[in-house]
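*Asks:* Got a file for you: data09.txt, compact mmCIF, C-alpha atoms and all ligand atoms.
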# COMPACT_ATOMS: atom_id res chain seq x y z
CA MET A 18 -41.92 -81.41 -90.48
CA THR A 19 -44.04 -83.91 -88.57
CA VAL A 20 -44.82 -83.83 -84.90
CA THR A 21 -42.65 -86.92 -84.40
CA ASP A 22 -39.60 -84.89 -85.51
CA ILE A 23 -40.05 -82.51 -82.59
CA ARG A 24 -37.59 -82.94 -79.73
CA LYS A 25 -39.51 -81.24 -76.94
CA GLY A 26 -37.03 -79.42 -74.70
CA LEU A 27 -34.40 -80.13 -77.40
CA VAL A 28 -33.77 -83.44 -75.59
CA GLY A 29 -30.88 -85.26 -77.24
CA VAL A 30 -30.27 -82.51 -79.81
CA ILE A 31 -26.62 -81.60 -80.47
CA ALA A 32 -26.86 -77.89 -81.27
CA ASP A 33 -23.18 -77.15 -81.97
CA GLU A 34 -19.62 -78.03 -80.97
CA THR A 35 -17.87 -76.59 -77.94
CA ALA A 36 -14.28 -76.81 -76.71
CA VAL A 37 -15.11 -75.28 -73.33
CA SER A 38 -16.29 -78.37 -71.46
CA LYS A 39 -17.26 -81.97 -71.94
CA VAL A 40 -20.01 -83.68 -69.97
CA ASN A 41 -19.90 -87.46 -70.13
CA PRO A 42 -22.99 -89.00 -68.54
CA GLU A 43 -21.71 -92.54 -69.13
CA THR A 44 -18.67 -92.03 -66.91
CA ASN A 45 -20.24 -89.28 -64.77
CA SER A 46 -17.37 -86.99 -65.67
CA LEU A 47 -17.05 -83.30 -66.42
CA LEU A 48 -13.96 -81.83 -68.07
CA TYR A 49 -13.18 -78.11 -68.32
CA ARG A 50 -10.92 -77.72 -71.37
CA GLY A 51 -9.85 -81.33 -70.80
CA TYR A 52 -9.24 -81.16 -67.03
CA PRO A 53 -11.51 -83.15 -64.66
CA VAL A 54 -13.44 -80.65 -62.58
CA GLN A 55 -12.66 -82.42 -59.30
CA GLU A 56 -8.91 -82.04 -59.97
CA LEU A 57 -9.37 -78.33 -60.63
CA ALA A 58 -11.48 -77.92 -57.48
CA ALA A 59 -8.83 -79.66 -55.36
CA THR A 60 -5.86 -77.71 -56.67
CA GLN A 61 -6.79 -74.34 -58.19
CA PRO A 62 -8.05 -70.95 -57.09
CA PHE A 63 -11.23 -69.94 -58.92
CA GLU A 64 -9.32 -67.17 -60.75
CA ALA A 65 -7.12 -69.82 -62.44
CA VAL A 66 -10.18 -71.79 -63.54
CA ALA A 67 -11.75 -68.63 -64.97
CA TYR A 68 -8.52 -68.07 -66.92
CA LEU A 69 -8.66 -71.67 -68.16
CA LEU A 70 -12.25 -71.35 -69.36
CA TRP A 71 -11.52 -68.13 -71.25
CA ASN A 72 -8.10 -68.97 -72.66
CA GLY A 73 -8.05 -72.77 -72.97
CA GLU A 74 -4.99 -73.29 -70.73
CA LEU A 75 -4.28 -72.94 -67.02
CA PRO A 76 -2.33 -69.75 -66.33
CA THR A 77 1.38 -69.54 -65.60
CA PRO A 78 2.14 -67.84 -62.26
CA GLU A 79 2.72 -64.57 -64.15
CA GLN A 80 -0.55 -64.88 -66.08
CA LEU A 81 -2.44 -65.63 -62.86
CA ALA A 82 -0.86 -62.64 -61.15
CA ALA A 83 -1.85 -60.40 -64.08
CA LEU A 84 -5.47 -61.66 -64.02
CA ARG A 85 -5.62 -61.17 -60.27
CA ALA A 86 -4.33 -57.62 -60.58
CA THR A 87 -7.03 -56.78 -63.13
CA GLU A 88 -9.69 -58.53 -61.07
CA ARG A 89 -8.70 -56.57 -57.96
CA ALA A 90 -8.79 -53.31 -59.89
CA HIS A 91 -12.44 -53.88 -60.89
CA ARG A 92 -13.94 -55.28 -57.70
CA ALA A 93 -15.60 -52.15 -56.35
CA LEU A 94 -19.19 -51.13 -57.07
CA THR A 95 -19.48 -47.70 -58.68
CA ASP A 96 -21.94 -45.26 -57.13
CA GLU A 97 -24.11 -45.49 -60.26
CA VAL A 98 -24.38 -49.27 -60.17
CA ARG A 99 -25.05 -49.17 -56.47
CA ALA A 100 -27.81 -46.61 -57.08
CA ALA A 101 -29.30 -48.89 -59.76
CA ILE A 102 -29.31 -51.81 -57.30
CA ASP A 103 -30.99 -49.59 -54.72
CA LEU A 104 -33.87 -49.03 -57.18
CA VAL A 105 -34.77 -52.71 -56.96
CA PRO A 106 -37.34 -53.24 -54.18
CA LEU A 107 -35.92 -55.00 -51.13
CA ASP A 108 -38.58 -57.67 -51.39
CA ALA A 109 -37.81 -58.43 -55.05
CA HIS A 110 -35.71 -61.52 -55.70
CA PRO A 111 -31.98 -60.68 -55.70
CA MET A 112 -31.64 -62.26 -59.15
CA ASP A 113 -33.60 -59.21 -60.38
CA GLU A 114 -30.98 -57.04 -58.70
CA VAL A 115 -28.08 -58.93 -60.29
CA ARG A 116 -29.76 -58.82 -63.72
CA THR A 117 -30.36 -55.08 -63.37
CA ALA A 118 -26.79 -54.36 -62.25
CA VAL A 119 -25.26 -56.25 -65.19
CA SER A 120 -27.60 -54.48 -67.58
CA VAL A 121 -26.60 -51.06 -66.23
CA ILE A 122 -22.89 -51.93 -66.34
CA GLY A 123 -23.36 -52.93 -69.97
CA ALA A 124 -25.22 -49.77 -70.88
CA GLN A 125 -22.50 -47.65 -69.29
CA ASP A 126 -19.71 -49.54 -71.01
CA LEU A 127 -21.37 -49.45 -74.40
CA ALA A 128 -22.53 -45.81 -74.15
CA GLY A 129 -21.32 -43.90 -77.19
CA SER A 130 -20.85 -47.03 -79.28
CA GLY A 131 -23.33 -45.38 -81.63
CA SER A 132 -25.02 -48.26 -83.34
CA VAL A 133 -26.01 -51.85 -82.74
CA MET A 134 -23.43 -52.73 -85.36
CA ASP A 135 -20.62 -51.79 -82.95
CA ALA A 136 -21.95 -53.57 -79.88
CA SER A 137 -20.80 -57.17 -80.28
CA GLY A 138 -17.14 -56.15 -79.87
CA SER A 139 -13.79 -57.75 -80.67
CA ALA A 140 -12.45 -60.86 -78.96
CA GLU A 141 -10.05 -58.67 -76.98
CA GLU A 142 -12.79 -56.28 -75.86
CA ASN A 143 -15.02 -59.16 -74.84
CA LEU A 144 -12.32 -60.86 -72.79
CA ALA A 145 -11.77 -57.57 -70.95
CA ARG A 146 -15.54 -57.22 -70.40
CA SER A 147 -15.72 -60.80 -69.11
CA ILE A 148 -12.96 -60.17 -66.57
CA ARG A 149 -14.63 -56.97 -65.38
CA LEU A 150 -17.99 -58.71 -64.86
CA PHE A 151 -16.27 -61.60 -63.07
CA ALA A 152 -14.51 -59.05 -60.84
CA VAL A 153 -17.55 -56.97 -59.89
CA LEU A 154 -20.21 -59.67 -59.46
CA PRO A 155 -19.10 -60.59 -55.91
CA ALA A 156 -19.67 -56.97 -54.85
CA ILE A 157 -23.13 -57.00 -56.45
CA VAL A 158 -24.09 -60.25 -54.72
CA ALA A 159 -22.55 -59.29 -51.36
CA TYR A 160 -24.15 -55.84 -51.36
CA GLY A 161 -27.51 -57.40 -52.22
CA GLN A 162 -27.43 -59.65 -49.19
CA ARG A 163 -26.21 -56.86 -46.91
CA ARG A 164 -28.81 -54.29 -47.96
CA ARG A 165 -31.61 -56.81 -47.41
CA ARG A 166 -30.27 -57.26 -43.89
CA GLY A 167 -30.12 -53.48 -43.37
CA GLU A 168 -26.30 -53.52 -43.41
CA GLY A 169 -23.94 -51.22 -45.31
CA LEU A 170 -21.66 -51.88 -48.26
CA ILE A 171 -18.22 -53.30 -47.42
CA ALA A 172 -15.33 -52.24 -49.65
CA PRO A 173 -13.17 -54.97 -51.21
CA ARG A 174 -9.76 -55.83 -49.73
CA ASP A 175 -6.75 -55.87 -52.05
CA ASP A 176 -4.81 -58.29 -49.85
CA LEU A 177 -7.35 -61.09 -50.35
CA ASP A 178 -7.87 -63.48 -53.25
CA TYR A 179 -11.24 -63.80 -54.99
CA ALA A 180 -12.93 -66.31 -52.65
CA ALA A 181 -11.74 -64.78 -49.38
CA ASN A 182 -12.59 -61.27 -50.59
CA PHE A 183 -16.10 -62.40 -51.64
CA LEU A 184 -16.74 -63.68 -48.10
CA TRP A 185 -15.18 -60.54 -46.61
CA MET A 186 -17.47 -58.24 -48.62
CA THR A 187 -20.51 -60.30 -47.59
CA PHE A 188 -19.80 -60.85 -43.89
CA GLY A 189 -17.13 -58.32 -42.92
CA GLU A 190 -14.80 -61.06 -41.74
CA VAL A 191 -12.56 -63.64 -43.32
CA PRO A 192 -13.42 -67.15 -42.14
CA ASP A 193 -10.98 -70.01 -41.55
CA GLU A 194 -9.04 -71.38 -44.49
CA VAL A 195 -11.16 -74.56 -44.68
CA VAL A 196 -14.28 -72.45 -45.09
CA VAL A 197 -12.72 -70.28 -47.82
CA ASP A 198 -11.54 -73.45 -49.54
CA ALA A 199 -15.03 -74.99 -49.51
CA PHE A 200 -16.44 -71.80 -51.02
CA ASN A 201 -13.70 -71.70 -53.66
CA ARG A 202 -14.54 -75.29 -54.64
CA SER A 203 -18.22 -74.46 -55.04
CA MET A 204 -17.34 -71.56 -57.35
CA ILE A 205 -15.25 -73.89 -59.52
CA LEU A 206 -17.94 -76.59 -59.65
CA TYR A 207 -20.66 -74.15 -60.72
CA ALA A 208 -18.53 -72.42 -63.37
CA GLU A 209 -19.35 -74.37 -66.50
CA HIS A 210 -21.60 -77.14 -67.80
CA SER A 211 -21.79 -77.14 -71.62
CA PHE A 212 -25.16 -76.26 -73.23
CA ASN A 213 -27.30 -75.92 -70.11
CA ALA A 214 -30.35 -73.64 -70.40
CA SER A 215 -28.66 -70.39 -69.32
CA THR A 216 -25.50 -70.96 -71.38
CA PHE A 217 -27.57 -71.85 -74.42
CA THR A 218 -29.58 -68.66 -73.86
CA SER A 219 -26.37 -66.64 -73.82
CA ARG A 220 -25.26 -68.28 -77.07
CA VAL A 221 -28.62 -67.60 -78.74
CA ILE A 222 -28.31 -63.92 -77.85
CA ALA A 223 -24.65 -63.75 -78.92
CA SER A 224 -25.57 -65.43 -82.22
CA THR A 225 -27.62 -62.38 -83.23
CA LEU A 226 -24.42 -60.27 -82.89
CA SER A 227 -25.87 -58.60 -79.83
CA ASP A 228 -23.41 -57.58 -77.10
CA LEU A 229 -21.87 -59.67 -74.32
CA TYR A 230 -23.76 -57.83 -71.57
CA SER A 231 -27.12 -58.54 -73.22
CA ALA A 232 -26.16 -62.20 -73.50
CA VAL A 233 -25.18 -62.38 -69.81
CA THR A 234 -28.33 -60.51 -68.76
CA GLY A 235 -30.46 -63.02 -70.66
CA ALA A 236 -28.54 -65.92 -69.14
CA ILE A 237 -29.25 -64.57 -65.65
CA GLY A 238 -32.96 -64.64 -66.50
CA ALA A 239 -32.70 -68.28 -67.59
CA LEU A 240 -30.72 -69.27 -64.51
CA LYS A 241 -33.31 -67.79 -62.16
CA GLY A 242 -35.84 -70.59 -62.74
CA PRO A 243 -36.17 -73.40 -60.18
CA LEU A 244 -35.61 -76.10 -62.80
CA HIS A 245 -32.11 -74.63 -63.29
CA GLY A 246 -30.15 -72.35 -60.94
CA GLY A 247 -33.05 -71.61 -58.63
CA ALA A 248 -32.92 -75.21 -57.40
CA ASN A 249 -30.10 -74.60 -54.88
CA GLU A 250 -32.39 -72.16 -53.09
CA ALA A 251 -35.33 -74.56 -53.37
CA VAL A 252 -33.28 -77.32 -51.68
CA LEU A 253 -33.08 -75.21 -48.52
CA HIS A 254 -36.84 -74.69 -48.51
CA VAL A 255 -37.23 -78.47 -48.68
CA PHE A 256 -34.80 -78.89 -45.76
CA HIS A 257 -36.78 -76.38 -43.73
CA GLU A 258 -40.06 -78.13 -44.58
CA ILE A 259 -38.72 -81.51 -43.48
CA GLY A 260 -36.99 -80.10 -40.41
CA ASP A 261 -35.41 -83.30 -39.12
CA ALA A 262 -34.01 -86.52 -40.60
CA GLU A 263 -36.69 -88.62 -38.90
CA ASN A 264 -39.44 -86.78 -40.82
CA VAL A 265 -38.03 -87.67 -44.24
CA SER A 266 -40.15 -90.74 -44.90
CA SER A 267 -43.52 -89.18 -44.15
CA TRP A 268 -42.58 -85.93 -45.90
CA LEU A 269 -41.60 -87.86 -49.01
CA ASP A 270 -44.82 -89.93 -48.95
CA ASP A 271 -46.80 -86.72 -49.05
CA ALA A 272 -44.58 -84.93 -51.60
CA LEU A 273 -44.62 -87.85 -54.04
CA ALA A 274 -48.37 -88.38 -53.60
CA ARG A 275 -48.78 -84.76 -54.67
CA LYS A 276 -46.37 -85.35 -57.60
CA ARG A 277 -43.95 -82.72 -56.38
CA LYS A 278 -40.52 -82.45 -57.97
CA ILE A 279 -37.90 -82.89 -55.28
CA MET A 280 -35.50 -80.03 -55.78
CA GLY A 281 -31.81 -80.87 -56.05
CA PHE A 282 -32.50 -84.27 -57.62
CA GLY A 283 -32.48 -85.28 -61.27
CA HIS A 284 -30.63 -83.96 -64.28
CA ARG A 285 -31.30 -83.72 -67.98
CA VAL A 286 -27.90 -85.16 -68.89
CA TYR A 287 -26.72 -87.23 -65.92
CA LYS A 288 -29.10 -90.07 -65.19
CA ARG A 289 -26.78 -92.00 -62.85
CA GLY A 290 -25.42 -89.20 -60.69
CA ASP A 291 -23.98 -85.73 -61.23
CA SER A 292 -20.18 -85.73 -61.59
CA ARG A 293 -19.87 -82.64 -59.38
CA VAL A 294 -21.75 -83.98 -56.37
CA PRO A 295 -18.98 -86.02 -54.66
CA THR A 296 -16.63 -83.00 -54.62
CA MET A 297 -19.31 -80.64 -53.32
CA LYS A 298 -20.50 -83.21 -50.78
CA ALA A 299 -16.92 -83.43 -49.46
CA ALA A 300 -16.88 -79.62 -49.14
CA LEU A 301 -20.24 -79.78 -47.32
CA ASP A 302 -18.82 -82.43 -44.96
CA THR A 303 -15.93 -80.10 -44.15
CA LEU A 304 -18.38 -77.32 -43.30
CA VAL A 305 -20.58 -79.67 -41.24
CA ALA A 306 -17.51 -80.61 -39.17
CA HIS A 307 -16.27 -77.02 -38.93
CA TYR A 308 -19.62 -75.63 -37.75
CA ASP A 309 -20.47 -78.80 -35.77
CA ARG A 310 -23.81 -79.39 -37.52
CA PRO A 311 -24.30 -83.17 -37.73
CA ASP A 312 -28.06 -82.56 -38.00
CA VAL A 313 -27.51 -81.09 -41.49
CA ALA A 314 -25.55 -84.15 -42.62
CA ALA A 315 -28.18 -86.48 -41.14
CA LEU A 316 -31.02 -84.79 -43.02
CA TYR A 317 -28.96 -84.68 -46.23
CA ASP A 318 -28.12 -88.39 -46.04
CA ALA A 319 -31.63 -89.48 -45.05
CA LEU A 320 -33.37 -87.63 -47.91
CA GLU A 321 -30.80 -88.79 -50.45
CA ALA A 322 -31.02 -92.44 -49.36
CA GLU A 323 -34.81 -92.50 -49.28
CA PHE A 324 -35.37 -90.67 -52.57
CA VAL A 325 -32.74 -92.62 -54.50
CA SER A 326 -34.10 -95.94 -53.25
CA ARG A 327 -37.69 -95.00 -54.07
CA LYS A 328 -37.20 -93.28 -57.44
CA GLY A 329 -33.67 -94.08 -58.66
CA ILE A 330 -33.12 -90.35 -59.25
CA TYR A 331 -29.80 -88.99 -57.99
CA PRO A 332 -28.79 -85.63 -56.46
CA ASN A 333 -27.46 -82.85 -58.66
CA LEU A 334 -24.93 -80.16 -57.67
CA ASP A 335 -27.62 -77.98 -56.09
CA TYR A 336 -28.33 -80.63 -53.45
CA PRO A 337 -25.02 -80.31 -51.53
CA SER A 338 -24.55 -76.64 -52.49
CA GLY A 339 -27.77 -75.42 -50.88
CA PRO A 340 -26.93 -76.59 -47.32
CA ALA A 341 -23.26 -75.64 -47.82
CA TYR A 342 -24.16 -72.03 -48.65
CA ASP A 343 -26.55 -72.00 -45.69
CA LEU A 344 -23.76 -73.10 -43.34
CA LEU A 345 -21.47 -70.44 -44.83
CA GLY A 346 -24.03 -67.87 -43.68
CA PHE A 347 -25.58 -66.84 -46.98
CA ASP A 348 -29.30 -66.05 -47.00
CA THR A 349 -31.28 -68.60 -49.01
CA VAL A 350 -32.25 -66.02 -51.65
CA THR A 351 -28.55 -65.30 -52.24
CA PHE A 352 -27.77 -68.85 -53.41
CA THR A 353 -28.73 -68.38 -57.06
CA PRO A 354 -26.84 -65.06 -57.32
CA LEU A 355 -23.78 -67.00 -56.09
CA PHE A 356 -24.32 -69.35 -59.02
CA VAL A 357 -24.28 -66.28 -61.33
CA ALA A 358 -20.96 -65.08 -59.90
CA SER A 359 -19.46 -68.44 -60.79
CA ARG A 360 -21.26 -69.28 -64.05
CA VAL A 361 -20.47 -65.88 -65.58
CA THR A 362 -17.08 -67.38 -66.44
CA GLY A 363 -18.64 -70.26 -68.41
CA TRP A 364 -21.24 -68.01 -70.05
CA THR A 365 -18.64 -65.54 -71.27
CA ALA A 366 -16.34 -68.33 -72.52
CA HIS A 367 -19.29 -69.65 -74.56
CA ILE A 368 -20.30 -66.20 -75.80
CA MET A 369 -16.76 -65.65 -77.12
CA GLU A 370 -16.71 -69.15 -78.66
CA GLN A 371 -20.05 -68.45 -80.36
CA GLN A 372 -18.79 -65.12 -81.68
CA ALA A 373 -15.62 -66.70 -83.05
CA ALA A 374 -17.53 -69.11 -85.32
CA ASN A 375 -21.01 -67.65 -85.45
CA ALA A 376 -24.17 -68.97 -87.04
CA LEU A 377 -27.49 -67.39 -86.11
CA ILE A 378 -29.36 -69.83 -83.84
CA ARG A 379 -32.86 -70.08 -85.25
CA PRO A 380 -34.66 -73.44 -85.03
CA LEU A 381 -37.94 -74.33 -86.76
CA SER A 382 -41.32 -74.95 -85.21
CA ALA A 383 -44.22 -77.20 -86.16
CA TYR A 384 -47.42 -75.14 -86.39
CA SER A 385 -50.28 -76.40 -84.19
CA GLY A 386 -52.76 -73.50 -84.48
CA PRO A 387 -56.00 -73.18 -86.48
CA ASP A 388 -56.07 -73.76 -90.23
CA GLU A 389 -55.96 -70.67 -92.41
CA ARG A 390 -59.09 -68.51 -91.93
CA HIS A 391 -60.10 -64.98 -92.79
CA VAL A 392 -61.19 -61.80 -91.04
CA GLU A 393 -64.89 -61.19 -91.54
CA GLY A 394 -65.55 -58.27 -93.84
CA TYR A 395 -62.04 -58.18 -95.25
CA VAL A 396 -62.06 -57.31 -98.95
CA PRO A 397 -58.74 -57.87 -100.71
CA ASP A 398 -57.25 -54.96 -102.68
CA THR A 399 -57.82 -55.45 -106.33
N1 LIG A 401 -38.35 -85.14 -58.30
C1 LIG A 401 -39.35 -85.99 -58.64
N2 LIG A 401 -39.45 -86.57 -59.85
C2 LIG A 401 -38.47 -86.27 -60.74
C3 LIG A 401 -37.41 -85.39 -60.44
C4 LIG A 401 -37.38 -84.82 -59.16
N3 LIG A 401 -36.42 -83.97 -58.83
N4 LIG A 401 -36.61 -85.28 -61.52
C5 LIG A 401 -37.16 -86.06 -62.46
N5 LIG A 401 -38.28 -86.66 -61.99
C6 LIG A 401 -39.16 -87.57 -62.70
C7 LIG A 401 -40.17 -86.78 -63.53
O1 LIG A 401 -41.35 -86.50 -62.79
C8 LIG A 401 -40.41 -87.72 -64.68
O2 LIG A 401 -41.26 -88.73 -64.26
P1 LIG A 401 -42.40 -89.31 -65.25
O3 LIG A 401 -41.64 -89.89 -66.41
O4 LIG A 401 -43.13 -90.30 -64.41
O5 LIG A 401 -43.22 -88.13 -65.65
C9 LIG A 401 -39.05 -88.34 -64.92
O6 LIG A 401 -38.38 -88.29 -63.65
C10 LIG A 401 -38.22 -87.61 -65.96
O7 LIG A 401 -38.10 -86.26 -65.53
P2 LIG A 401 -38.09 -85.00 -66.49
O8 LIG A 401 -38.43 -83.79 -65.70
O9 LIG A 401 -38.91 -85.25 -67.71
O10 LIG A 401 -36.58 -85.03 -66.94
P3 LIG A 401 -35.77 -83.81 -67.42
O11 LIG A 401 -34.54 -84.36 -68.02
O12 LIG A 401 -36.57 -82.89 -68.25
O13 LIG A 401 -35.53 -83.09 -66.02
C11 LIG A 401 -34.75 -81.69 -64.36
C12 LIG A 401 -34.38 -82.63 -65.52
C13 LIG A 401 -35.58 -80.52 -64.90
C14 LIG A 401 -33.47 -81.17 -63.72
C15 LIG A 401 -35.60 -82.48 -63.33
O14 LIG A 401 -34.88 -83.61 -62.87
C16 LIG A 401 -36.04 -81.62 -62.18
O15 LIG A 401 -37.05 -80.89 -62.30
N6 LIG A 401 -35.29 -81.62 -61.01
C17 LIG A 401 -35.59 -80.75 -59.91
C18 LIG A 401 -35.00 -79.35 -60.15
C19 LIG A 401 -33.49 -79.31 -60.01
O16 LIG A 401 -32.93 -79.86 -59.08
N7 LIG A 401 -32.84 -78.60 -60.94
C20 LIG A 401 -31.38 -78.43 -60.93
C21 LIG A 401 -30.78 -78.92 -62.21
S1 LIG A 401 -28.99 -79.04 -62.09
C22 LIG A 401 -28.39 -77.46 -61.98
O17 LIG A 401 -28.98 -76.51 -62.42
C23 LIG A 401 -27.05 -77.32 -61.28
Represent the structure from my file as structure tokens, please.
Ligand code: ACO

*Replies:*
Amino acid sequence: MTVTDIRKGLVGVIADETAVSKVNPETNSLLYRGYPVQELAATQPFEAVAYLLWNGELPTPEQLAALRATERAHRALTDEVRAAIDLVPLDAHPMDEVRTAVSVIGAQDLAGSGSVMDASGSAEENLARSIRLFAVLPAIVAYGQRRRRGEGLIAPRDDLDYAANFLWMTFGEVPDEVVVDAFNRSMILYAEHSFNASTFTSRVIASTLSDLYSAVTGAIGALKGPLHGGANEAVLHVFHEIGDAENVSSWLDDALARKRKIMGFGHRVYKRGDSRVPTMKAALDTLVAHYDRPDVAALYDALEAEFVSRKGIYPNLDYPSGPAYDLLGFDTVTFTPLFVASRVTGWTAHIMEQQAANALIRPLSAYSGPDERHVEGYVPDT
């Protein structure tokens, strides 16, 4: 292998097939199992999209009701998982808390499985595990935000659907329908995006025949970084730094002079705009109107216009999501855990797809270290 064969960052490499989603950068479109994501966001509850990602088809009313019943039955945090979360220092990043909670849930579920040979599980077991993780993650994320604020755990409510219950467990109230709808849309938009870094991580782990929980735990680690999921949080820091729309130009002069990456802009696959942004921007506009915050829209528009005209680099999903989650009342550090609660559906769909037609993922490397040399004094055995 020569150095010219290396695709740093695996840019342009097709690593495998997937039937879960299709990203088309030419048309700026994203399909989940064939359906345009903006159509799903406009018409479906997140539970139905989770069902679609796992099963390949949208649910019938009966299938949706069955999924919702299972989801409701597994929403509550157990005392043990809560105690594990409480071990994470309050000033650690909540992604560490989420990663720890999923790891403990996995260890409890797999206890007694006896050997690593039993851990990867059947398709049926892994679908059940996926639904249980999907069901409990809102409680993990909500409790994390509450305990950092010195507030107590709020129990789930059986009369509420996924999105409304998530907001209830976080804030202790159910906001207006338009707010719940904007949140539901964000969950759908974040759910799946082909072989992004965290999903690919989950597939690498699944390819070793490790268990689903280990694959999800690894994916959470990959999502934490600011070049991936951590960017929604970073967008808010940028907004706070700039402060006001009229400061955009001077702030950008300074940031670009220092060669800073502007968080929430750019994408490895989309080079002419992220297919999810218009839908999330519309949800953000709804929240701006609902909470009467034209200043947020002004800053958003000013930074987008100035950066796109200077660099030709377009916003990604994290750009509208960051300020939307802020308006919803989430703490900035909670944004990436929200991404986990959504993306767990895509990760688990990919883990099950990998398991169904597995090949160990093990690329090659080109060696760039010293030529062969020998330890002084070493005498080979004769
Ligand atoms: N700000 C400033 N310059 C940028 C940005 C940005 N956000 N994004 C790309 N560029 C520039 C790079 O500096 C580079 O310029 P150069 O050729 O002069 O060195 C060029 O555009 C190509 O950028 P790369 O980083 O090489 O492109 P890549 O495909 O690897 O990057 C990435 C994609 C990592 C997302 C990048 O655009 C970035 O760092 N963006 C900011 C972080 C972010 O928003 N991440 C969220 C991703 S989407 C998601 O997770 C939902």

*Asks:* Under the rule that only C-alpha atoms and all ligand atoms are counted, which of A:Arg379, A:Arg327, A:Lys276, A:Arg99 is the nearest residue to ligand LIG 401 (chain A)?

*Replies:*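 Nearest candidate to ligand LIG 401 (chain A) out of A:Arg379, A:Arg327, A:Lys276, A:Arg99: A:Lys276.
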
*Asks:* Env of A:Val121: 12 Å cut, atoms = all atoms listed in the file, seq-sep filter 5 positions within chain, self excluded. Answer as an MDAnalysis selection string.

*Replies:* chainID A and resid 94:102 104 114:116 126:128 150 157 230:231 233:234

*Asks:* Could you give me, as JSON lines, every chain A residue with an atom at most 9 Å from ligand LIG 401 (chain A), plus its closest atom pair and distance in Å to one decimal, counting all atoms listed in the file, rows ordered by chain then number?

*Replies:*
{"residue": "A:Gly26", "atom": "CA", "partner": "A:LIG401", "partner_atom": "O12", "distance": 7.3}
{"residue": "A:Val28", "atom": "CA", "partner": "A:LIG401", "partner_atom": "O11", "distance": 7.7}
{"residue": "A:Tyr207", "atom": "CA", "partner": "A:LIG401", "partner_atom": "C23", "distance": 7.2}
{"residue": "A:His210", "atom": "CA", "partner": "A:LIG401", "partner_atom": "C23", "distance": 8.5}
{"residue": "A:Asn213", "atom": "CA", "partner": "A:LIG401", "partner_atom": "O17", "distance": 7.9}
{"residue": "A:Ala214", "atom": "CA", "partner": "A:LIG401", "partner_atom": "O17", "distance": 8.6}
{"residue": "A:Leu240", "atom": "CA", "partner": "A:LIG401", "partner_atom": "O17", "distance": 7.7}
{"residue": "A:Gly242", "atom": "CA", "partner": "A:LIG401", "partner_atom": "N7", "distance": 8.7}
{"residue": "A:Pro243", "atom": "CA", "partner": "A:LIG401", "partner_atom": "C18", "distance": 6.1}
{"residue": "A:Leu244", "atom": "CA", "partner": "A:LIG401", "partner_atom": "N7", "distance": 4.2}
{"residue": "A:His245", "atom": "CA", "partner": "A:LIG401", "partner_atom": "O17", "distance": 3.8}
{"residue": "A:Gly246", "atom": "CA", "partner": "A:LIG401", "partner_atom": "O17", "distance": 4.6}
{"residue": "A:Gly247", "atom": "CA", "partner": "A:LIG401", "partner_atom": "N7", "distance": 7.4}
{"residue": "A:Ala248", "atom": "CA", "partner": "A:LIG401", "partner_atom": "C19", "distance": 4.9}
{"residue": "A:Asn249", "atom": "CA", "partner": "A:LIG401", "partner_atom": "C20", "distance": 7.3}
{"residue": "A:Ala251", "atom": "CA", "partner": "A:LIG401", "partner_atom": "O16", "distance": 8.2}
{"residue": "A:Val252", "atom": "CA", "partner": "A:LIG401", "partner_atom": "O16", "distance": 7.8}
{"residue": "A:Ala272", "atom": "CA", "partner": "A:LIG401", "partner_atom": "C1", "distance": 8.8}
{"residue": "A:Leu273", "atom": "CA", "partner": "A:LIG401", "partner_atom": "C1", "distance": 7.2}
{"residue": "A:Lys276", "atom": "CA", "partner": "A:LIG401", "partner_atom": "C1", "distance": 7.1}
{"residue": "A:Arg277", "atom": "CA", "partner": "A:LIG401", "partner_atom": "C1", "distance": 6.1}
{"residue": "A:Lys278", "atom": "CA", "partner": "A:LIG401", "partner_atom": "N1", "distance": 3.5}
{"residue": "A:Ile279", "atom": "CA", "partner": "A:LIG401", "partner_atom": "N1", "distance": 3.8}
{"residue": "A:Met280", "atom": "CA", "partner": "A:LIG401", "partner_atom": "O16", "distance": 4.2}
{"residue": "A:Gly281", "atom": "CA", "partner": "A:LIG401", "partner_atom": "O16", "distance": 3.4}
{"residue": "A:Phe282", "atom": "CA", "partner": "A:LIG401", "partner_atom": "N3", "distance": 4.1}
{"residue": "A:Gly283", "atom": "CA", "partner": "A:LIG401", "partner_atom": "O14", "distance": 3.3}
{"residue": "A:His284", "atom": "CA", "partner": "A:LIG401", "partner_atom": "C14", "distance": 4.0}
{"residue": "A:Arg285", "atom": "CA", "partner": "A:LIG401", "partner_atom": "O11", "distance": 3.3}
{"residue": "A:Val286", "atom": "CA", "partner": "A:LIG401", "partner_atom": "O11", "distance": 6.7}
{"residue": "A:Tyr287", "atom": "CA", "partner": "A:LIG401", "partner_atom": "O11", "distance": 8.6}
{"residue": "A:Lys288", "atom": "CA", "partner": "A:LIG401", "partner_atom": "O11", "distance": 8.4}
{"residue": "A:Asp291", "atom": "CA", "partner": "A:LIG401", "partner_atom": "S1", "distance": 8.4}
{"residue": "A:Phe324", "atom": "CA", "partner": "A:LIG401", "partner_atom": "N1", "distance": 8.5}
{"residue": "A:Lys328", "atom": "CA", "partner": "A:LIG401", "partner_atom": "N2", "distance": 7.5}
{"residue": "A:Gly329", "atom": "CA", "partner": "A:LIG401", "partner_atom": "O6", "distance": 9.0}
{"residue": "A:Ile330", "atom": "CA", "partner": "A:LIG401", "partner_atom": "N4", "distance": 6.6}
{"residue": "A:Tyr331", "atom": "CA", "partner": "A:LIG401", "partner_atom": "N3", "distance": 8.4}
{"residue": "A:Pro332", "atom": "CA", "partner": "A:LIG401", "partner_atom": "O16", "distance": 7.6}
{"residue": "A:Asn333", "atom": "CA", "partner": "A:LIG401", "partner_atom": "S1", "distance": 5.3}
{"residue": "A:Leu334", "atom": "CA", "partner": "A:LIG401", "partner_atom": "C23", "distance": 5.1}
{"residue": "A:Asp335", "atom": "CA", "partner": "A:LIG401", "partner_atom": "C23", "distance": 5.3}
{"residue": "A:Tyr336", "atom": "CA", "partner": "A:LIG401", "partner_atom": "O16", "distance": 7.3}
{"residue": "A:Phe356", "atom": "CA", "partner": "A:LIG401", "partner_atom": "C23", "distance": 8.7}
